[in-house]
Structures are given as C-alpha cells and as structure tokens.
Amino acid sequence: MYGLKLDYCAIDVPDKYYTTSDYEKGTARWCPGCGDHSVLSAVQRLCQEKQLPPEKTVFVSGIGCSSRFPHYMKTYGFHGLHGRAFPVAEGVKFRRPDLDVFVVTGDGDCCSIGAGHWIHAIRYNLNITVLLFDNQIYGMTKKQTSPTSPIGTLSNTHPHGSVLPPINPIQTTLGVSNVSFVAQTADWMPGHLYATIKAAHEHQGFSFVKVMMRCPKFMQEQAKALVADREHITMLTHENGIQVDEATAALFMHKQDHDPTNIGKAREYSEDPNMYYLGLYYQDKTAPRYDLYGAHNLGFTAAQKLEAINAELDRFAV
Amino acid sequence: MASPDLRVEPASTKVSRTILREHIVEIVSDSGEGAQKAGQSFGSVCAKMGNGVWTVEIIPADIQPPPRTKESVSGIRIRLGAGKITNMGDEADIVVAFNEIAPYARIEQDAYKKGTKMLIESMWANHSDPSVQQSYARAVEDYKARGFVVYEVPMEEECLKIVPDAKRGKNMWVLGLLTQLYNRSLEIAEEQVRMTFRKKSQSVIDINLKLLHGGYEWAGQNLDFLYDIPAVESGQDLVVMNGNEALSLGVLASGIEVCSMYPITPATSASHHLAECFEKAGGLVHQAEDEIAAIGFAIGCSYAGRPAVTITSGPGIALKTEFMGLAGMAEVPLVIIDVQRGGPSTGLPTKVEQSDLLAVLYGQPGDTTKIVLAPSSIEECFQFVVLARQIAEAFRTPVIILSDANLATGVQPFTRPKPKAEWLAPPVDLSPWKKDIRPYEWDEQTGLSKRPVPGQEGGMFTLTGLNHSEEGRVSYLGTVNQHGAKMRSRKLAAFGRTLKPPQVHGDESGDLLLVGWGSTRGAIEEAVDRARETGASVSSLHLHFLNPMEPGLKEIFARFKKVMTVEINYSDDWNDPLITRENRRYAQLAWVLRAQTLTDVDCFSNVLGQPLRPRQIFEMIQEELNLKNN
C-alpha cells in the first residue's frame, strides 16, 4: 500500500495460519485399526507444522486402499489409475516447481502394476515425497497375494500359500541408479513415522518412504506378530539420519548406527532376512533432479514465444 | 552471389521444351547418396517458382541394408504441377537412378508405367566386377522390355570432371540436371544450394554450385527431351514442410509447453523437431518410460495448468486407452496426436493406414467422451493442433488428432501461418477460486464446467476417475453416474452445434458420393475431378471432425444414389468367399456413417501400405458407375 512493499518488512508475518483442521476432509473410510489412519494423521500434522498452503499442495495416488488418501486431505488431489500415480505426479511437478507434490501408493499399486513407473520415478528424482503403504496384501479387492506378501501367505489367489519370495521394496529402490532418499518406518510407531515423513519431505528429491502397514482385516495375525515382535526390529541412528524423541527411541530394543551416505551398508541392511531396519537407509543430496530440468525454461512471455515460432517458420520458408 | 568463375553461359539446348501441366519425378539411390537432399532441394526450387509440389521420401525399412539391393533403396518422389498438388499421384514420369537395382524396389510398388523415362547412372556398365556389369546390362534390357525408356547417364564420369570423389556430389549434379530438364531458374537453384550448405565452408558451397552447373549444362546439351511447367506465383509467403513438422510447429503455436512421448514410428520425428525448437519457445519434450507414462505425465501437466500433448501411433493408442478414459471421466483437457500406421499389432510400422478410427472412437471401456479431428493436408496438421488445444481447454476434454504416415512424410508448400498471441495458452491462473463454484458445476444446457487448477486458493478438490458428483466427491449412486455421463455427452452435442455442414466437392447431388477423412483428400478430389471431366456424376465430401461429426450428413447422402467411403483400412470385398450382406465387415468410417445416418454406405478400402492413388479411385469410380448402368 502506498509504495510499501512487503519485502521491506523485517519480520515475516504470514497472512494465514493453518490449523490441522485446514487439512482435514471428510471421515476416512478405512477399516478400524488400519495403519492408513496413522499416516493420515502424521501427514496432516506435517502440513500444519510446515504451514503448507493447501492450494499449493497436491496428493497424487493410484488405486487401492492407500490411494483413497487424497480424498481425506483438504488440498488438491489426484486419485487416478491403478499403478500410475508416478507419471501423473511427475507431470504435475515437471512445470510447476511451486507445488508441493506427494505420492501415496500401495504395495500392489507401486510394486506390481506400476513397477515400471516406480523404477523410472526413482531415476527421474523429481522433488516429490513418496509414501508406500506396504501391508503385504491386496485389501480393496479382498485378499489377493501382493508382490510383497511373504512366501506362504494364504490368500484367495493362493489358498495353499503363495509360492514366490516377495519383492523387497527397499532393496529394489536402493538398486536403481540416481536413487536419492530411502527410508523405512512403521505405522504403529507414530513418533518414528512422523519424523521419517518429515525428513522425507525436507529432502530435495525423490523421497521414498516405505511404511510397514498393518492390515487388520486380511493380515491380522501377521500384523499382531509384527507389532509384538521387538526382537526383529532395529532403529537406524545417525546424526544425518532420522531424529526421534527419547520416548520413541525407547521403543526399540536394537539400535544400529548407520551413515546414510553408505549405500553398500544400506543394501546390506535391506537384505537382512532376520531384521527390519527402520530409519534412513540412504540419502544423496547431489543426485541430478529432473524437476530442475523441467523448470529450467519456464515463464516465457507471449512475445518471446511468438519470436521463437516465427524464427522456426523462417527455417521452412521458401 | 556466385564467384565470377562459376558463372555459366545460358545453356544452349538442342530441343524445344514441351509444356506440361504436371509431372512426377523420382530419384532413387542407395542410402547415403543424397537422393533425398537433391529431391527436397528440387521441390523447394519448384515451390519458390510458384509451382504446386508434393514430395514424399522413400525410406529403407532396415537400418543398414547391403548396398545395391532393393532393400537399400532410399529416395524421393517429387510431384510438381502448374496448380496446387495435394497428393503423391500415380506412376512416375521420370526416374533418376543411381544404380540399376534401385528401380526394382519401386517397380514392386507399381510406381512406374510404360513410357516412364529412366535416367540410369551408366558407370556400372564398366565396373571392375564383371557380375556388376552383367547385372547392369540385364537390368537395362529388362527395363526396355517392360516399356520404360532408358537413358544411360554418365553421372560419375561427369562429376569426376569437377570433384575427386563423385559419391558425395552426384546429388547436386542431378539437381542441376532436373533444373535444366524442367526449365527451373538456375539462380533460384543456386540460392537453394547455398541454403542447403549454409553451415558448410565456402569451398564446399562452390564445389556444389559447380556440380549444379555441371548437371545443368550436361542436360542442356545431351537430353533430347526438355520440359517446362509454368507456374502462377501466388505472391504469398510460403513454408515447405512435412506433416510431422507441421504438427510440431502447431504445438509451438498453440502454446502447449510439454510434449510427453515414447518413441514410435511414424510419430517420433514430430518430437525430434520439438525437442530441437522447444528450448527457445519455453517448452520441453519429456521422453517417458512407456506409452502409458507418456499420457499420464501429460495429464499431470494439464491438470496442473500446463497444456500438454502426447504424440503416438496405433500401438501407443492401445496402451493409452485407460488414461484416455480417465481424462474423459475427470474432464482433463489434453491433446493426443495419433500418427497412424499399418496395424494391428506391430503391423507395418513405416506405412500408411487409417485403422485407428474405431479404436479411438470406441476403444475405451465405458462411455469415454472425446473430440476427434483429422487433418487432410500438411497445413491442417499445423492448424488443427492450435484448434485442438483451444477445444480441449474450452470443453475440458481430451481431443484426438488423427494424422497418418502419408501426412507425416509428405512435404507440401502452404501459405506461411501468422502466429498470434491469442493462439497461445494463457499463463496458469493462480487467482483465488470463487468458493461457491463447484469443480464440476455442469451447465445443464452445454455440460460445460470450470476447472480449478492447483495453486488456486479455495479451489481444492480431489480429481478422481471414480464416478463423482458436481462437488467432485466419489459417489456410488447410479443417478449421479447417469447425470455425469449425460453432462459429458452434452458437451459433445454442444461442440457439434459449432460445426458447419461439410462442403460437397462437385455437384450437390448425383449418382455417387465418395466420403473420405484424413490424408486421402487430395487423391479423392483429384480422382473425382478427373472422373467428372469424363462426364461421371460423382462428387466427394471430406470429414474433418469425426467425433462429433459435422452436421447434415444424412441430408447430403440422400441426394446421391450411392454413397461410399474411401479409406485406407481393411474391409471385406463383396466377392470374397463367405461374405454376405449381413456379415461383410466394412471400412471404419463406413461403419460409423451407416450407424449414424441409416444410409446404406458402401466402402472402397485396402491395406496395401500405400497412400491411395488418384488412378485407383478413378478406376473404382468408373467401375461403380458402369456397374450401376448395366
């Protein structure tokens, strides 16, 4: 007003202050006890803490239980096709660096029907935050074997037990070139879950978080066993890793110091058949980012565009 | 300007020139000998002089075929005329062959006729390898026996008088020969050579000018036939390009900022061109990991307010099907370009076909609404992208452009477009959204609604491929589904209201009406004109909008005794075994027209991998009308 620019203001006074309810929409229709609820709470808390403008925040998902997520966020959302969240999210981010893009996907969505896109999404390394809800089973279509189901899982498609070893999403992600952020957490450890999602969101690049997820409907026994089993869960700790409060740290029987720049060790932990490691496996802040390429020639004026088109037409003139 | 020592005396010619209305020339060689460059240059010279031109490249299917084989033939056809040329025509009048094998590849395609003059490089007659000598002698005899008129031309020998290695200069010598043969302006040809080699050194330009003059003089002194094809200069600025280049320039001119694609023949060259020129126009080509990702990425861009196009061919369309349904259901604007090729499956990847019409119209599960356009000329390839982007935004719908391999590779001059700022997509609207407007607040009359874009405060909604209400909320109610489907369909009806009835080419009524779409227009209209000159009562009509269709078709069809489509896709022949009136499978547009107009529309179609020639259609017209008279 009257020539006074906000830029000259020494103190940053936000026009708006968002509360958690500014990110909440409707009532989540997941089963009681489903891990998806806790991730939703963690994400809404993150949005509030970071004061993400809801209109600049986009949740992209595929199809499945996990992929209902955007419907419960009062932000922009894109609930698209089974397995195809990554290409859509990449397109959203490619020429809109101002948008904060999240992908919410499940083990069937990401590791089965969309596996091809997953591999390439890791390599593109756009600055988006990815939450893989891995409950090791198809829930929405009622208990079919998932690519991450443990061998021997009884399902409607393998009533005598599934016959193949599961895909290990952490191991796979760590195997793709240009990988930049890989972490694992669990829905039943809210402190760790929140800290991990926060670290992932802060990472500038493709932040891949596998959330170990309980399915109380179709994997009840396994879920119970996982939550009870503290013997086979280790927390990865490091000054450059995921920082949790003392109460959360106290939940872990085992802790392992791990430098997240050490990809060899990261792969070793991911392949350990006897132990789940929660925390930051790997981070490379220098990996080339495709969203920077996408944004490098933005904002041409109409006059500049017309000049370029006319110059191009000149090349074809006779 | 040429250096003084390059000036030549006006060549004295032995014979008087025959004035022609039009001619077809082919230059055939092994790949790498520059036949295409010579032909393109010749085409440009003709266009500059005001002639109508259509050029089409002859491309070897394999990457490294052995030389002097039919498989290695690379070349170009140039059809030039006094007036506008709209297609590649029938058989060639003149063939310039760099070796004696090359013409055989074209004979297989019925590219030549009795009386075609064949100018063959004569160096093979004295080749060090006796088997080559024999091959040459056999071919020359065979060509004569087939009724071709053979001229043995010492191209190598003449070029060696000018350059030490003739392999890399013969094409410009041939350009000189053609310049003389058709009485082209030597100055314009010189200018063209300078333009062609503008990135090379002056010495390279000078040598090629000498070669041009060499061919020009040789032809003047040695050919016993010379032509002229006078032209009327339009006085308008022209551009010359192929259909894929026109598509990509249309993308630039439309303000589309992202082309998301996966490599597929024959669509890819459009993206090559875009990748080159987008940098200066503020856009990018995204090479996706597959066809599905390519369209998903484009939808993501468009959803976020950046207009996008995905360019593909038939197999890619098959893979994009589910996303096309999503774009229709969720009403995301999107331009999809399908440069059709031979199918099904991998089919004939480099050849022309118009076989994707039904797949595009009906290929998606459920009722997927979309608008479908088909350009019929190179110029329309340009214009239709600009148009498609605007329609996609205004009607919040996918728009599909059906081009094909014939348009993709055909080169034609047209009036230089004058791009306007209003053609360009506006910048992303980041103004606050009016809170009371719902994301699918359909207008009952038109089905149109306004769409909030991420960044617009207060417009937040979750786009979904599930059935959704006007609020954008998931709904499992059948009545909500029925209403949504009705509103999306109403958009098409509303768009259809903006279309005019198509123009009939020829009389408004008569014995036979041919109906075409896409790249076949030039050949159909030429055949109709030819038949009308012989007194046949035939007209034609060309559809540019295939969904929704241009209005008034039933009424137009009623004015003709017979209506038939002319298409490049499969249909059963009446005479085929087991085929009856009930089980005959019609060509694709014919199916649609029969359903839409309840007219007994017949069809003429084939899948020979070639653009339709005017002669084929002309003969079909004669047969149809004679049959009727019997």
# chains A, B, ... in the order shown; residues from 1 in each chain; ligands from 1

$ interface_residues --of "chain A" --to "chain B" --cutoff "7 Å" --atoms "only C-alpha atoms" --output "number ranges by chain"
A: 55-56, 70-71, 74-80, 87-92, 120, 297-298, 300, 302, 304-306, 308-309, 316-318

$ select_by_dssp --residues "range 54-206 of chain A" --states "strand (DSSP E or B)" --output "PyMOL selection string"
chain A and resi 57-61+73+76-79+100-106+128-134+137-138+144-145+181-186

$ select_by_dssp --residues "range 12-218 of chain A" --states "helix (DSSP H, G or I)" --output "VMD selection string"
chain A and resid 20 to 23 36 to 50 54 to 56 66 to 72 85 to 94 107 to 113 115 to 124 169 to 174 190 to 202

$ write_last_selection --atoms "C-alpha atoms" --output "compact mmCIF listing (two decimals), in the first residue's frame"
# COMPACT_ATOMS: atom_id res chain seq x y z
CA THR A 20 -4.74 -29.16 11.40
CA SER A 21 -8.42 -28.92 10.55
CA ASP A 22 -7.46 -26.87 7.48
CA TYR A 23 -6.08 -30.10 6.03
CA ASP A 36 -3.55 -45.80 6.90
CA HIS A 37 -5.24 -43.73 9.63
CA SER A 38 -1.99 -43.11 11.45
CA VAL A 39 -0.19 -41.99 8.29
CA LEU A 40 -3.05 -39.61 7.53
CA SER A 41 -2.67 -38.05 10.98
CA ALA A 42 1.09 -37.80 10.59
CA VAL A 43 0.78 -36.13 7.19
CA GLN A 44 -1.85 -33.67 8.38
CA ARG A 45 0.43 -32.82 11.30
CA LEU A 46 3.34 -32.29 8.92
CA CYS A 47 1.28 -29.97 6.72
CA GLN A 48 0.25 -27.96 9.74
CA GLU A 49 3.74 -27.79 11.21
CA LYS A 50 5.25 -26.76 7.90
CA PRO A 54 -3.33 -26.26 0.95
CA GLU A 55 -3.74 -24.81 -2.55
CA LYS A 56 -0.07 -25.42 -3.29
CA SER A 66 -3.84 -46.43 0.27
CA SER A 67 -4.90 -44.43 -2.73
CA ARG A 68 -8.06 -43.14 -1.07
CA PHE A 69 -5.71 -40.89 0.88
CA PRO A 70 -6.14 -37.69 -1.22
CA HIS A 71 -9.88 -37.73 -0.58
CA TYR A 72 -9.20 -37.10 3.12
CA ALA A 85 0.43 -42.32 -9.70
CA PHE A 86 4.09 -41.70 -10.52
CA PRO A 87 3.70 -40.47 -14.13
CA VAL A 88 0.85 -38.16 -13.11
CA ALA A 89 2.79 -36.76 -10.14
CA GLU A 90 5.85 -36.24 -12.34
CA GLY A 91 3.72 -34.30 -14.82
CA VAL A 92 2.23 -32.17 -12.05
CA LYS A 93 5.67 -31.30 -10.67
CA PHE A 94 7.53 -31.00 -14.01
CA ASP A 107 2.35 -52.45 -2.49
CA GLY A 108 0.13 -53.62 -5.36
CA ASP A 109 -0.02 -50.18 -6.93
CA CYS A 110 3.71 -49.44 -6.75
CA CYS A 111 5.44 -52.83 -6.77
CA SER A 112 3.15 -54.77 -9.11
CA ILE A 113 1.05 -53.00 -11.73
CA ALA A 115 6.51 -51.32 -11.04
CA GLY A 116 7.83 -49.98 -14.34
CA HIS A 117 6.94 -46.43 -13.38
CA TRP A 118 8.40 -46.91 -9.90
CA ILE A 119 11.85 -47.79 -11.27
CA HIS A 120 11.88 -44.78 -13.55
CA ALA A 121 10.43 -42.44 -10.94
CA ILE A 122 13.42 -43.25 -8.71
CA ARG A 123 15.76 -42.42 -11.56
CA TYR A 124 13.96 -39.19 -12.56
CA PRO A 169 10.87 -52.55 -1.99
CA ILE A 170 13.77 -51.06 -0.05
CA GLN A 171 16.29 -53.35 -1.72
CA THR A 172 14.79 -52.64 -5.14
CA THR A 173 14.76 -48.88 -4.67
CA LEU A 174 18.36 -48.92 -3.47
CA PRO A 190 3.76 -42.62 15.38
CA GLY A 191 6.85 -40.79 16.61
CA HIS A 192 9.12 -42.57 14.16
CA LEU A 193 6.54 -42.34 11.40
CA TYR A 194 6.22 -38.60 11.77
CA ALA A 195 9.96 -37.99 11.99
CA THR A 196 10.53 -40.09 8.88
CA ILE A 197 7.86 -38.39 6.78
CA LYS A 198 9.19 -35.02 7.90
CA ALA A 199 12.74 -35.92 6.87
CA ALA A 200 11.45 -37.23 3.57
CA HIS A 201 9.55 -34.04 2.88
CA GLU A 202 12.61 -31.96 3.69

$ residues_around --residues "Thr286 in chain A" --least-positions-apart "5" --cutoff "12 Å" --atoms "only C-alpha atoms" --output "NGL selection string"
:A and (125 or 178-181 or 203-206 or 261)

$ residues_around --residues "Lys117 in chain B" --least-positions-apart "5" --cutoff "9 Å" --atoms "only C-alpha atoms" --output "ChimeraX atom specification"
/B:92-96,148-151
